[in-house]
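A.B. asks: Okay, handing you the structure first.
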Amino acid sequence: MAGRRSPVPAASWHLAVEAGGRTGAENMAIDLALLRAAQEGQASLRLYRWSPPCLSFGRNEPACSRYNLEEIRALGLDTVRRPTGGRAVWHDRELTYALAAPTAMFGSLQEAYITIHQMLAEALRGLGAPVEVARRPSGRAPGPGGGACFAAPVGGEIVAGGLKLVGSAQVREGDALLQHGSLLLENGQDVVTRVTVGPSVPPAATALSAVLGRPVTFDEVADAIAETAKLSWEGTWTTVVPPCSADDVARFADPDWTLRR
């Protein structure tokens with residue numbers, strides 16, 4: 001595809017597809033473990049779900065002032081703080097992807113962001129979805145206190161009909177990157193609006209089921225992404241069970257960590 005950067009081939013790729021769902025703390029602990037493995041040269045692609053549904057905050061997001069914590073508790077929402085940046089996302093009826101790799105494979109932050117999204121867009125087009133990677137609009141992008149991740153495209157995201165379908169965030173540590181994001185199978189991002197303090201921008205989001213005009217399953221989309229990734233990026237692909245540190249799970253599950261700002 002024109003405009004796509006060809007990553008430096010990895011010696012091997014680890015692929016994990018988890019349809020059963022994990023807690024927010026477990027999911028973030030696993031993604032962090034993949035980032036650490038990437039620092040040792042291991043590239044990984046993980047496709048997963050959340051159980052129970054979870055509200056995640058960006059690494060530096062001012063969650064305590066931006067969101068109504070009493071309302072969150074009254075609704076019984078599970079919460080977690082991601083190791084990546086960005087803004088709040090409601091994780092339910094979606095597919096989340098996580099890609100961790102040495103930075104040398106994908107180049108700059110923006111190059112990696114676009115390259116990964118181009119692969120995902122190609123997979124979705126294979127399912128019949130008329131999606132595109134959004135151009136960067138004029139004006140200043142919203143900061144970490146600007147509301148929901150799906151409030152508006154800021155450039156580089158996957159959109160359909162001008163509405164955001166995939167919201168992603170990235171972090172880099174040393175010579176490795178972790179990018180993960182939410183691909184909406186059904187749209188429920190109004191939950192973020194409901195718990196936001198004061199005025200908020202309604203999510204400019206759409207869902208794959210709405211784009212395709214039919215129900216879609218996690219397995220269907222995961223299969224399409226996995227096959228497209230294998231065709232896009234060279235290397236030996238091995239299916240694995242991803243690691244999970246009990247200490248990291250405990251840290252991500254700690255309310256003091258989640259609500260530290």
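Simple scheme: letters A, B, ... for chains in structure tokens order, numbers from 1 for residues in each chain, numbers from 1 for ligands in the order shown.
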Would you kindly return, as a compact mmCIF listing (two decimals) with N, CA and C atoms, in the first residue's frame, each protein, DNA or RNA residue with an atom no farther than 6 Å from any atom of range 54-60 of chain A, considering only C-alpha atoms and excluding same-chain residues fewer than 3 positions away?
C.D. replies:
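around.txt, freshly written:
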# COMPACT_ATOMS: atom_id res chain seq x y z
N ASP A 78 -15.55 -1.03 36.41
CA ASP A 78 -14.14 -1.36 36.61
C ASP A 78 -13.31 -0.27 35.94
N THR A 79 -12.19 0.11 36.56
CA THR A 79 -11.33 1.15 36.00
C THR A 79 -9.88 0.69 36.04
N VAL A 80 -9.08 1.25 35.15
CA VAL A 80 -7.65 0.97 35.11
C VAL A 80 -6.95 2.14 34.43
N ARG A 81 -5.69 2.33 34.74
CA ARG A 81 -4.88 3.35 34.06
C ARG A 81 -3.91 2.65 33.13
N ARG A 82 -3.91 3.06 31.88
CA ARG A 82 -3.07 2.42 30.88
C ARG A 82 -1.61 2.86 31.01
N PRO A 83 -0.67 2.06 30.54
CA PRO A 83 0.73 2.50 30.49
C PRO A 83 0.99 3.45 29.32
N THR A 84 0.04 3.58 28.42
CA THR A 84 0.16 4.49 27.28
C THR A 84 -0.61 5.77 27.55
N GLY A 85 -0.43 6.75 26.67
CA GLY A 85 -1.11 8.03 26.82
C GLY A 85 -2.54 8.00 26.30
N GLY A 86 -3.00 9.18 25.89
CA GLY A 86 -4.36 9.26 25.37
C GLY A 86 -5.38 9.56 26.44
N ARG A 87 -6.65 9.38 26.08
CA ARG A 87 -7.76 9.74 26.93
C ARG A 87 -8.66 8.54 27.20
N ALA A 88 -9.74 8.76 27.93
CA ALA A 88 -10.55 7.66 28.44
C ALA A 88 -11.23 6.87 27.32
N VAL A 89 -11.33 5.55 27.54
CA VAL A 89 -11.99 4.64 26.61
C VAL A 89 -12.85 3.68 27.44
N TRP A 90 -14.06 3.41 26.95
CA TRP A 90 -14.91 2.39 27.54
C TRP A 90 -14.73 1.11 26.74
N HIS A 91 -14.26 0.05 27.41
CA HIS A 91 -13.93 -1.20 26.74
C HIS A 91 -15.04 -2.22 26.95
A.B. asks: Report as a PDB file with C-alpha atoms, in the first residue's frame all protein, DNA and RNA residues lying within 7 Å of range 108-123 of chain A, evaluated on only C-alpha atoms, omitting residues in the same chain fewer than 4 positions from it.
C.D. replies:
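The resulting file, out_4.pdb, is shown below:
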ATOM      1  CA  ARG A   4       3.178   2.369   4.277  1.00  0.00           C
ATOM      2  CA  ARG A   5       6.618   2.042   5.831  1.00  0.00           C
ATOM      3  CA  LEU A 127     -14.206  -7.657   5.702  1.00  0.00           C
ATOM      4  CA  VAL A 131     -12.413   2.634   6.127  1.00  0.00           C
ATOM      5  CA  GLU A 132      -9.512   5.037   5.751  1.00  0.00           C
ATOM      6  CA  VAL A 133      -6.668   6.439   7.814  1.00  0.00           C
ATOM      7  CA  GLY A 156      -3.801   8.938  11.747  1.00  0.00           C
ATOM      8  CA  GLU A 157      -6.781   7.064  13.195  1.00  0.00           C
ATOM      9  CA  ILE A 158      -9.003   4.637  11.321  1.00  0.00           C
ATOM     10  CA  ALA A 224      -8.771 -10.981   9.641  1.00  0.00           C
ATOM     11  CA  ILE A 225      -6.237  -8.896  11.587  1.00  0.00           C
ATOM     12  CA  THR A 228      -3.251  -9.449   7.409  1.00  0.00           C
ATOM     13  CA  ALA A 229      -0.436  -8.897   9.920  1.00  0.00           C
TER      14      ALA A 229
END
A.B. asks: When you count only C-alpha atoms, which of these residues is closest to Ser65 in chain A: A:Val197, A:Asp219, A:Leu183, A:Ala246?
C.D. replies: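 Smallest distance to Ser65 in chain A is found for A:Val197.
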A.B. asks: Calculated over only C-alpha atoms, which of the candidates A:Asp256, A:Gly24, A:Leu45, A:Ala205 has the smallest distance to Val241 in chain A?
C.D. replies: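 Comparing A:Asp256, A:Gly24, A:Leu45, A:Ala205 against Val241 in chain A, the winner is A:Leu45.
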A.B. asks: Quick check for you: according to DSSP on this backbone, which residues of range 167-217 of chain A are classed as strand (DSSP E or B)? Reply as a PyMOL selection string.
C.D. replies: chain A and resi 167-173+176-184+196+205
A.B. asks: I'd like the contact shell of Ala33 in chain A - 7 Å cut-off, only C-alpha atoms, skipping same-chain residues fewer than 4 positions apart - returned as a list in words.
C.D. replies: Ala29, Ala37, Pro243 and Cys244 of chain A
A.B. asks: Generate the output file for the selected residues, C-alpha atoms, as a compact mmCIF listing (two decimals), in the first residue's frame.
C.D. replies:
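Done, and the output landed in result.txt:
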# COMPACT_ATOMS: atom_id res chain seq x y z
CA ALA A 29 -0.03 -6.02 33.00
CA ALA A 37 9.91 -8.37 25.86
CA PRO A 243 3.04 -13.64 30.18
CA CYS A 244 1.40 -11.99 33.16
A.B. asks: Suppose you want the space between CA of Val221 in chain A and CA of Leu163 in chain A; what is it in Å?
C.D. replies: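 For CA of Val221 in chain A relative to CA of Leu163 in chain A, the distance reads 19.0 Å.
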A.B. asks: With distances taken over only C-alpha atoms, which of A:Gly174, A:Gly213, A:Pro53, A:Pro242 is nearest to Arg93 in chain A?
C.D. replies: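 Ranking A:Gly174, A:Gly213, A:Pro53, A:Pro242 by distance to Arg93 in chain A, first place goes to A:Pro53.
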A.B. asks: Using only C-alpha atoms, which residues sit within 7 Å of Gln179 in chain A once same-chain residues fewer than 2 positions away are excluded, as a list of chain:residue names?
C.D. replies: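 So, after excluding close chain neighbours, the residues are A:Ala98, A:Leu99, A:Ala100, A:Ser168, A:Ala169, A:Gln170, A:Val171, A:Leu177, A:Gly181.
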A.B. asks: Can you check which residues of range 25-219 of chain A DSSP gives as helix (DSSP H, G or I) on the backbone and send them as JSON, numbers by chain?
C.D. replies: {"A": [25, 26, 27, 28, 29, 30, 31, 32, 33, 34, 35, 36, 37, 38, 39, 63, 64, 65, 66, 69, 70, 71, 72, 73, 74, 75, 103, 104, 105, 109, 110, 111, 112, 113, 114, 115, 116, 117, 118, 119, 120, 121, 122, 123, 124, 125, 126, 149, 150, 151, 190, 191, 192, 193, 194, 195, 208, 209, 210, 211, 212, 218, 219]}
A.B. asks: Which of these, A:Tyr67, A:Tyr97, A:Trp237, A:Trp257, has the shortest distance to Leu184 in chain A once you count only C-alpha atoms?
C.D. replies: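 Checking each of A:Tyr67, A:Tyr97, A:Trp237, A:Trp257 against Leu184 in chain A, counting only C-alpha atoms, the winner is A:Tyr97.
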A.B. asks: Under the rule that only C-alpha atoms are counted, which of A:Pro102, A:Gln42, A:Gly107, A:Ser245 is the nearest residue to Ser12 in chain A?
C.D. replies: A:Gln42
